[in-house]
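Visitor: File run_37.cif follows (mmCIF, C-alpha atoms and all ligand atoms):
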```cif
data_start
#
loop_
_atom_site.label_atom_id
_atom_site.label_comp_id
_atom_site.auth_asym_id
_atom_site.auth_seq_id
_atom_site.Cartn_x
_atom_site.Cartn_y
_atom_site.Cartn_z
CA MET A 163 94.23 -74.22 65.20
CA LYS A 164 95.39 -77.77 64.51
CA THR A 165 95.83 -79.97 67.57
CA PHE A 166 98.75 -82.38 67.93
CA ARG A 167 96.39 -85.24 67.11
CA ASP A 168 95.19 -83.42 63.95
CA LYS A 169 98.82 -83.13 62.84
CA VAL A 170 99.52 -86.81 63.48
CA ASN A 171 96.35 -87.70 61.57
CA GLU A 172 97.25 -85.50 58.62
CA SER A 173 100.71 -87.13 58.37
CA ALA A 174 99.20 -90.62 58.67
CA GLU A 175 96.61 -89.91 55.96
CA PHE A 176 99.31 -88.62 53.61
CA ILE A 177 101.47 -91.72 54.20
CA LYS A 178 98.42 -93.97 53.65
CA SER A 179 97.86 -92.33 50.28
CA LYS A 180 101.44 -93.24 49.26
CA ILE A 181 101.72 -96.83 50.45
CA THR A 182 100.09 -99.95 49.03
CA ALA A 183 99.24 -101.96 52.15
CA GLN A 184 98.84 -101.72 55.91
CA PRO A 185 102.32 -101.91 57.50
CA GLU A 186 102.63 -104.55 60.22
CA ILE A 187 105.93 -103.47 61.79
CA GLY A 188 107.39 -100.01 62.34
CA MET A 189 111.17 -99.76 62.38
CA VAL A 190 113.58 -97.04 63.46
CA LEU A 191 117.14 -97.29 62.15
CA GLY A 192 120.05 -95.89 64.14
CA SER A 193 123.28 -94.17 63.07
CA GLY A 194 125.11 -96.15 60.41
CA LEU A 195 122.37 -98.81 60.30
CA GLY A 196 120.38 -97.42 57.36
CA VAL A 197 121.49 -100.35 55.17
CA LEU A 198 118.50 -102.30 56.36
CA ALA A 199 116.26 -100.02 54.32
CA GLU A 200 117.96 -101.39 51.19
CA GLU A 201 116.67 -104.85 52.03
CA VAL A 202 112.98 -104.16 51.44
CA GLU A 203 111.14 -105.28 48.34
CA GLU A 204 108.39 -103.33 46.57
CA LYS A 205 110.10 -100.30 48.06
CA ILE A 206 108.37 -96.91 48.29
CA THR A 207 110.47 -94.02 49.61
CA ILE A 208 108.81 -90.93 51.09
CA PRO A 209 111.13 -88.00 51.96
CA TYR A 210 110.24 -86.32 55.25
CA LYS A 211 110.04 -82.97 53.53
CA GLU A 212 107.01 -84.18 51.51
CA ILE A 213 105.05 -85.34 54.55
CA PRO A 214 102.82 -82.73 56.17
CA ASN A 215 103.91 -81.81 59.72
CA PHE A 216 107.00 -84.04 59.63
CA PRO A 217 110.03 -82.48 61.32
CA VAL A 218 112.67 -81.74 58.71
CA SER A 219 116.33 -81.95 59.59
CA THR A 220 118.15 -78.65 59.37
CA VAL A 221 121.54 -80.37 59.15
CA ALA A 222 122.98 -80.20 55.61
CA GLY A 223 123.17 -83.59 53.84
CA HIS A 224 121.00 -85.19 56.51
CA SER A 225 117.89 -85.85 54.47
CA GLY A 226 115.69 -88.43 56.13
CA CYS A 227 112.99 -90.52 54.56
CA LEU A 228 110.44 -93.18 55.34
CA VAL A 229 110.84 -96.45 53.51
CA PHE A 230 107.84 -98.71 53.02
CA GLY A 231 108.04 -102.22 51.62
CA LYS A 232 108.15 -105.92 52.24
CA MET A 233 110.72 -107.59 54.48
CA GLU A 234 110.57 -111.37 54.89
CA GLY A 235 107.04 -111.28 53.51
CA LYS A 236 105.83 -108.62 55.98
CA TYR A 237 105.03 -105.00 55.24
CA VAL A 238 107.25 -102.64 57.21
CA LEU A 239 107.45 -98.87 57.52
CA ILE A 240 110.98 -97.70 58.29
CA GLN A 241 112.15 -94.39 59.70
CA ASN A 242 115.57 -94.05 58.15
CA GLY A 243 117.12 -91.22 60.14
CA ARG A 244 115.66 -90.24 63.47
CA TRP A 245 115.27 -86.87 65.12
CA HIS A 246 117.54 -86.55 68.14
CA PHE A 247 116.76 -84.47 71.19
CA TYR A 248 120.29 -83.02 71.04
CA GLU A 249 119.53 -81.49 67.63
CA GLY A 250 117.05 -79.23 69.38
CA TYR A 251 113.81 -80.97 68.44
CA PRO A 252 111.14 -81.03 71.13
CA MET A 253 110.20 -84.49 72.47
CA SER A 254 106.92 -84.30 70.50
CA ASP A 255 109.00 -84.22 67.29
CA VAL A 256 111.50 -86.84 68.47
CA THR A 257 108.61 -89.28 68.97
CA PHE A 258 106.32 -88.07 66.17
CA PHE A 259 106.88 -91.13 63.97
CA ILE A 260 105.70 -93.45 66.76
CA ARG A 261 102.41 -91.53 67.05
CA VAL A 262 101.99 -91.75 63.27
CA LEU A 263 102.61 -95.52 63.40
CA PHE A 264 99.90 -95.81 66.04
CA GLU A 265 97.50 -93.87 63.83
CA LEU A 266 98.35 -96.21 60.95
CA GLY A 267 97.36 -99.18 63.11
CA VAL A 268 100.92 -100.49 63.62
CA LYS A 269 101.25 -102.49 66.84
CA LYS A 270 104.86 -103.70 66.61
CA LEU A 271 107.97 -101.55 66.86
CA PHE A 272 111.57 -102.52 66.09
CA VAL A 273 114.09 -99.92 67.32
CA THR A 274 117.82 -99.94 66.66
CA ASN A 275 120.66 -97.66 67.68
CA ALA A 276 124.41 -97.22 67.97
CA ALA A 277 125.55 -97.32 71.58
CA GLY A 278 128.66 -97.13 73.69
CA GLY A 279 129.39 -100.29 75.65
CA ILE A 280 130.21 -99.99 79.33
CA ASN A 281 129.81 -103.65 80.27
CA PRO A 282 133.43 -104.92 80.45
CA LEU A 283 132.48 -108.07 78.51
CA PHE A 284 131.46 -106.11 75.40
CA VAL A 285 133.65 -105.46 72.34
CA PRO A 286 132.98 -103.08 69.44
CA GLY A 287 130.78 -104.71 66.83
CA ASP A 288 128.74 -106.70 69.38
CA LEU A 289 124.97 -106.55 69.30
CA MET A 290 122.97 -106.06 72.49
CA LEU A 291 119.33 -106.93 72.80
CA ILE A 292 117.79 -104.25 75.01
CA SER A 293 116.18 -105.83 78.06
CA ASP A 294 115.29 -102.55 79.76
CA HIS A 295 116.27 -98.89 79.83
CA VAL A 296 117.23 -96.07 82.16
CA ASN A 297 115.89 -92.65 81.21
CA MET A 298 118.64 -90.12 81.93
CA MET A 299 117.42 -87.54 79.46
CA GLY A 300 116.11 -85.30 82.21
CA THR A 301 112.66 -85.20 80.68
CA ASN A 302 109.87 -87.47 79.47
CA PRO A 303 108.00 -87.31 76.15
CA LEU A 304 104.66 -87.80 77.94
CA ILE A 305 104.94 -84.60 79.99
CA GLY A 306 101.96 -82.33 79.34
CA PRO A 307 98.23 -82.95 78.96
CA ASN A 308 97.48 -86.62 78.30
CA ASP A 309 95.44 -87.54 75.24
CA GLU A 310 93.56 -90.72 76.18
CA HIS A 311 93.20 -91.49 72.47
CA PHE A 312 96.85 -92.53 72.51
CA GLY A 313 97.10 -94.04 75.98
CA THR A 314 96.72 -93.78 79.71
CA ARG A 315 98.13 -91.01 81.94
CA PHE A 316 100.50 -93.28 83.87
CA PRO A 317 101.64 -96.05 81.51
CA ASP A 318 103.37 -99.16 82.80
CA LEU A 319 106.96 -99.63 81.62
CA SER A 320 107.71 -102.88 83.45
CA LYS A 321 107.54 -104.81 80.15
CA ALA A 322 108.47 -102.00 77.75
CA TYR A 323 110.74 -104.39 75.82
CA THR A 324 108.35 -107.24 75.12
CA PRO A 325 109.64 -110.41 76.88
CA GLU A 326 108.24 -112.68 74.16
CA TYR A 327 110.14 -110.74 71.46
CA ARG A 328 113.36 -110.86 73.49
CA GLN A 329 113.09 -114.63 73.65
CA ILE A 330 112.51 -114.76 69.88
CA ALA A 331 115.56 -112.55 69.27
CA LEU A 332 117.81 -114.80 71.38
CA GLU A 333 116.56 -117.85 69.50
CA CYS A 334 117.19 -116.12 66.16
CA ALA A 335 120.80 -115.28 67.13
CA ALA A 336 121.36 -118.90 68.21
CA LYS A 337 119.94 -120.09 64.90
CA LEU A 338 122.48 -117.89 63.11
CA GLY A 339 125.22 -119.42 65.26
CA LYS A 340 126.12 -116.13 66.96
CA ARG A 341 126.04 -114.83 70.47
CA ILE A 342 124.36 -111.56 71.34
CA HIS A 343 124.27 -109.78 74.66
CA GLU A 344 121.21 -108.74 76.54
CA GLY A 345 121.39 -105.64 78.68
CA VAL A 346 120.24 -102.28 79.97
CA TYR A 347 120.44 -99.24 77.69
CA MET A 348 120.71 -95.78 79.19
CA GLY A 349 119.45 -92.82 77.18
CA LEU A 350 121.28 -89.51 77.63
CA THR A 351 120.71 -86.25 75.80
CA GLY A 352 124.23 -85.90 74.35
CA PRO A 353 125.62 -84.45 72.17
CA SER A 354 128.79 -84.53 74.26
CA TYR A 355 130.02 -88.02 75.08
CA GLU A 356 130.16 -89.01 78.73
CA THR A 357 132.87 -88.08 81.18
CA GLN A 358 134.99 -90.81 82.74
CA ALA A 359 133.34 -90.18 86.11
CA GLU A 360 129.87 -90.55 84.60
CA LEU A 361 130.80 -93.81 82.88
CA ARG A 362 132.27 -95.26 86.08
CA MET A 363 129.07 -94.32 87.88
CA PHE A 364 126.77 -95.82 85.19
CA GLN A 365 128.80 -99.03 85.28
CA LYS A 366 128.19 -99.29 89.02
CA TRP A 367 124.49 -98.68 88.45
CA GLY A 368 124.27 -101.81 86.28
CA VAL A 369 123.97 -100.07 82.92
CA ASP A 370 125.43 -102.03 79.98
CA ALA A 371 125.32 -99.47 77.17
CA VAL A 372 124.73 -95.75 76.68
CA GLY A 373 123.30 -93.77 73.79
CA MET A 374 121.45 -90.64 72.78
CA SER A 375 118.15 -91.98 71.47
CA THR A 376 115.56 -94.77 71.71
CA VAL A 377 114.27 -94.10 75.26
CA PRO A 378 111.74 -91.42 74.18
CA GLU A 379 110.46 -93.54 71.28
CA VAL A 380 110.03 -96.60 73.50
CA ILE A 381 108.19 -94.62 76.20
CA VAL A 382 105.74 -93.32 73.58
CA ALA A 383 105.37 -96.80 72.05
CA ALA A 384 104.53 -98.19 75.51
CA HIS A 385 102.02 -95.36 75.97
CA CYS A 386 100.40 -96.42 72.67
CA GLY A 387 100.33 -100.11 73.73
CA MET A 388 102.86 -101.31 71.15
CA LYS A 389 105.06 -104.37 71.46
CA VAL A 390 108.73 -103.41 71.22
CA ILE A 391 112.02 -105.02 70.34
CA GLY A 392 115.25 -103.04 70.61
CA ILE A 393 118.78 -103.81 69.44
CA SER A 394 121.90 -101.76 70.14
CA CYS A 395 124.96 -101.96 67.97
CA ILE A 396 127.90 -101.58 70.37
CA THR A 397 130.17 -99.25 68.42
CA ASN A 398 132.72 -98.22 71.03
CA ILE A 399 133.77 -99.31 74.46
CA PHE A 400 134.40 -97.35 77.59
CA SER A 401 137.84 -97.95 79.00
CA PRO A 402 139.48 -95.63 81.51
CA GLY A 403 141.37 -92.78 79.93
CA LYS A 404 140.12 -93.47 76.41
CA ALA A 405 138.27 -90.87 74.33
CA ALA A 406 135.11 -91.71 72.35
CA ASP A 407 134.96 -90.56 68.77
CA HIS A 408 132.27 -90.48 66.11
CA LYS A 409 134.48 -92.06 63.42
CA GLU A 410 135.00 -95.16 65.56
CA VAL A 411 131.22 -95.39 66.05
CA LEU A 412 130.55 -95.39 62.30
CA GLU A 413 133.37 -97.89 61.58
CA ALA A 414 132.04 -100.42 64.10
CA ALA A 415 128.52 -100.03 62.70
CA GLU A 416 130.03 -100.85 59.28
CA LYS A 417 131.68 -104.02 60.58
CA VAL A 418 128.58 -105.47 62.18
CA LYS A 419 126.25 -104.72 59.26
CA PRO A 420 126.05 -108.24 57.72
CA PHE A 421 125.11 -109.90 61.04
CA PHE A 422 122.83 -107.02 62.00
CA LYS A 423 121.01 -107.39 58.69
CA SER A 424 120.54 -111.15 58.88
CA LEU A 425 119.50 -111.07 62.55
CA THR A 426 117.02 -108.25 62.04
CA LYS A 427 115.42 -109.94 59.06
CA LEU A 428 115.11 -113.24 60.89
CA ILE A 429 113.47 -111.52 63.86
CA VAL A 430 111.07 -109.67 61.55
CA SER A 431 110.01 -113.02 60.10
CA LYS A 432 109.21 -114.33 63.59
CA ILE A 433 107.40 -111.47 65.34
N1 LIG A 501 128.00 -92.56 74.17
C1 LIG A 501 126.81 -92.07 73.84
N2 LIG A 501 126.20 -92.34 72.70
C2 LIG A 501 126.83 -93.17 71.84
C3 LIG A 501 128.08 -93.71 72.13
C4 LIG A 501 128.71 -93.38 73.36
O1 LIG A 501 129.82 -93.83 73.69
N3 LIG A 501 128.42 -94.49 71.07
C5 LIG A 501 127.41 -94.43 70.18
N4 LIG A 501 126.44 -93.62 70.63
#
```
Before anything else, please render the file you have as structure tokens.
Ligand code: HPA

Guide:
Amino acid sequence: MKTFRDKVNESAEFIKSKITAQPEIGMVLGSGLGVLAEEVEEKITIPYKEIPNFPVSTVAGHSGCLVFGKMEGKYVLIQNGRWHFYEGYPMSDVTFFIRVLFELGVKKLFVTNAAGGINPLFVPGDLMLISDHVNMMGTNPLIGPNDEHFGTRFPDLSKAYTPEYRQIALECAAKLGKRIHEGVYMGLTGPSYETQAELRMFQKWGVDAVGMSTVPEVIVAAHCGMKVIGISCITNIFSPGKAADHKEVLEAAEKVKPFFKSLTKLIVSKI
């Protein structure tokens, strides 16, 4: 029977056979942020359904693909469409791409997501550099036997979001003449949005934004010894008595796209 590592290897070997160079940076694009995949040159698209062992989305019209190519002169491998825990995928699937990146020799990870802002200074369309996270998903992707090939049993998360990259990102935003926030992202399972009581509590805890992804991928990346940069697109804001809705999330992601694109590309050129 194939082990988990065999499966990761098989996927990595297949991807290697399709791409033309060693990717330097792995990227994960969040809801509504797929436009970045259009920015790559020498583009090669690989649908998930062609890649051995890749989880395939069961949701109609939700066909994900990997996009390989050059961004700012660097080869990147992009996961355009992630697997969410709330869709029913096990954590090993949710974080599968990160393991494949490791097997491909990728040491830098750029994660993005759409998130709800709970810091009162945020407005929809703001970008937040993730300084740290709170795992409220009720589980951890590293639970189970540890494979030392990937990393140590008890990995350190004190610098999960690489300080040097955060500094670079702040400098890039300044260079573009824009302000970005820096803050703590909390990962929840979803798919229901948060209650008012939960949001009030998270605010008191010092959380700046909430979302339904990213935390598992970053834990696995830290396990694999990768350097990580994370950016949240603040798509909606918590205010007492106000409902969150998915349409608002997608609209805000639309609005911030031009700045998101230029910032991301500038950061890619510097890391
Ligand atoms: N809550 C959780 N996840 C989200 C939100 C939110 O308000 N907005 C975008 N993703």

Visitor: Here is a test: counting all atoms listed in the file, which residue of A:His343, A:Lys236, A:Lys409, A:Lys427 is nearest to ligand LIG 501 (chain A)?

Guide: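 Distance minimum relative to ligand LIG 501 (chain A) lands on A:Lys409.
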
Visitor: Could the residues that lie within 9 Å of ligand LIG 501 (chain A), counting all atoms listed in the file, be listed as an mmCIF file with C-alpha atoms, in the frame of the given file?

Guide:
```cif
data_model
loop_
_atom_site.group_PDB
_atom_site.id
_atom_site.type_symbol
_atom_site.label_atom_id
_atom_site.label_comp_id
_atom_site.auth_asym_id
_atom_site.auth_seq_id
_atom_site.Cartn_x
_atom_site.Cartn_y
_atom_site.Cartn_z
ATOM 1 C CA SER A 193 123.280 -94.170 63.070
ATOM 2 C CA ASN A 275 120.660 -97.660 67.680
ATOM 3 C CA ALA A 276 124.410 -97.220 67.970
ATOM 4 C CA ALA A 277 125.550 -97.320 71.580
ATOM 5 C CA GLY A 278 128.660 -97.130 73.690
ATOM 6 C CA GLY A 279 129.390 -100.290 75.650
ATOM 7 C CA ILE A 280 130.210 -99.990 79.330
ATOM 8 C CA MET A 348 120.710 -95.780 79.190
ATOM 9 C CA GLY A 349 119.450 -92.820 77.180
ATOM 10 C CA LEU A 350 121.280 -89.510 77.630
ATOM 11 C CA THR A 351 120.710 -86.250 75.800
ATOM 12 C CA GLY A 352 124.230 -85.900 74.350
ATOM 13 C CA PRO A 353 125.620 -84.450 72.170
ATOM 14 C CA SER A 354 128.790 -84.530 74.260
ATOM 15 C CA TYR A 355 130.020 -88.020 75.080
ATOM 16 C CA GLU A 356 130.160 -89.010 78.730
ATOM 17 C CA ALA A 371 125.320 -99.470 77.170
ATOM 18 C CA VAL A 372 124.730 -95.750 76.680
ATOM 19 C CA GLY A 373 123.300 -93.770 73.790
ATOM 20 C CA MET A 374 121.450 -90.640 72.780
ATOM 21 C CA SER A 375 118.150 -91.980 71.470
ATOM 22 C CA CYS A 395 124.960 -101.960 67.970
ATOM 23 C CA ILE A 396 127.900 -101.580 70.370
ATOM 24 C CA THR A 397 130.170 -99.250 68.420
ATOM 25 C CA ASN A 398 132.720 -98.220 71.030
ATOM 26 C CA ILE A 399 133.770 -99.310 74.460
ATOM 27 C CA PHE A 400 134.400 -97.350 77.590
ATOM 28 C CA ALA A 405 138.270 -90.870 74.330
ATOM 29 C CA ALA A 406 135.110 -91.710 72.350
ATOM 30 C CA ASP A 407 134.960 -90.560 68.770
ATOM 31 C CA HIS A 408 132.270 -90.480 66.110
ATOM 32 C CA GLU A 410 135.000 -95.160 65.560
ATOM 33 C CA VAL A 411 131.220 -95.390 66.050
ATOM 34 C CA LEU A 412 130.550 -95.390 62.300
#
```

Visitor: Excluding Gly267 (chain A) and its own-chain neighbours fewer than 2 positions away, which residues fall within 8 Å of it when counting all atoms listed in the file? Please give them as a ChimeraX atom specification.

Guide: /A:184-185,263-265,269

Visitor: Would you pick out the contacts of region 325-327 of chain A at 9 Å or less, using only C-alpha atoms, so that residues sharing its chain but fewer than 3 positions from it are not included, and give the list as a VMD selection string?

Guide: chain A and resid 293 321 to 322 330 to 332 389 to 391 429 432 to 433

Visitor: Would you please work out which residue, of A:Ile177, A:Met298, A:Leu428, A:Met163, is nearest to Lys337 (chain A) when using all atoms listed in the file?

Guide: A:Leu428

Visitor: Rank nothing, just name the residue among A:Gly345, A:Pro214, A:Gly313, A:Pro378 nearest to His246 (chain A), using only C-alpha atoms.

Guide: A:Pro378

Visitor: Please measure the separation of CA of Glu204 (chain A) and CA of Cys386 (chain A), giving the value in Å to one decimal.

Guide: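 According to the coordinates, CA of Glu204 (chain A) and CA of Cys386 (chain A) are separated by 28.2 Å.
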
Visitor: Please indicate the distance in Å from CA of Leu289 (chain A) to CA of Pro420 (chain A), rounded to one decimal place.

Guide: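 Straight-line distance from CA of Leu289 (chain A) to CA of Pro420 (chain A) works out to 11.8 Å.
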
Visitor: Counting all atoms listed in the file, find residues at most 12 Å from (110.8, -96.8, 84.8) (file frame) and give them as a ChimeraX atom specification.

Guide: /A:294-298,302,316-323,346,348,377-378,380-381,384

Visitor: Could you check the closest approach to Phe421 (chain A) for each of A:Gly250, A:Gly235, A:Gly339, A:Gly226 and tell me which residue wins, using all atoms listed in the file?

Guide: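 Result for the nearest residue to Phe421 (chain A): A:Gly339.
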
Visitor: Select, from A:Val382, A:Ile305, A:Ile181, A:Val197, the residue with the minimum atom-to-atom distance to Phe259 (chain A), counting only C-alpha atoms.

Guide: A:Val382

Visitor: So, with only C-alpha atoms as the atoms that count, which of A:Val256, A:Val285, A:Val218, A:Ile208 lies closest to Gly231 (chain A)?

Guide: A:Ile208
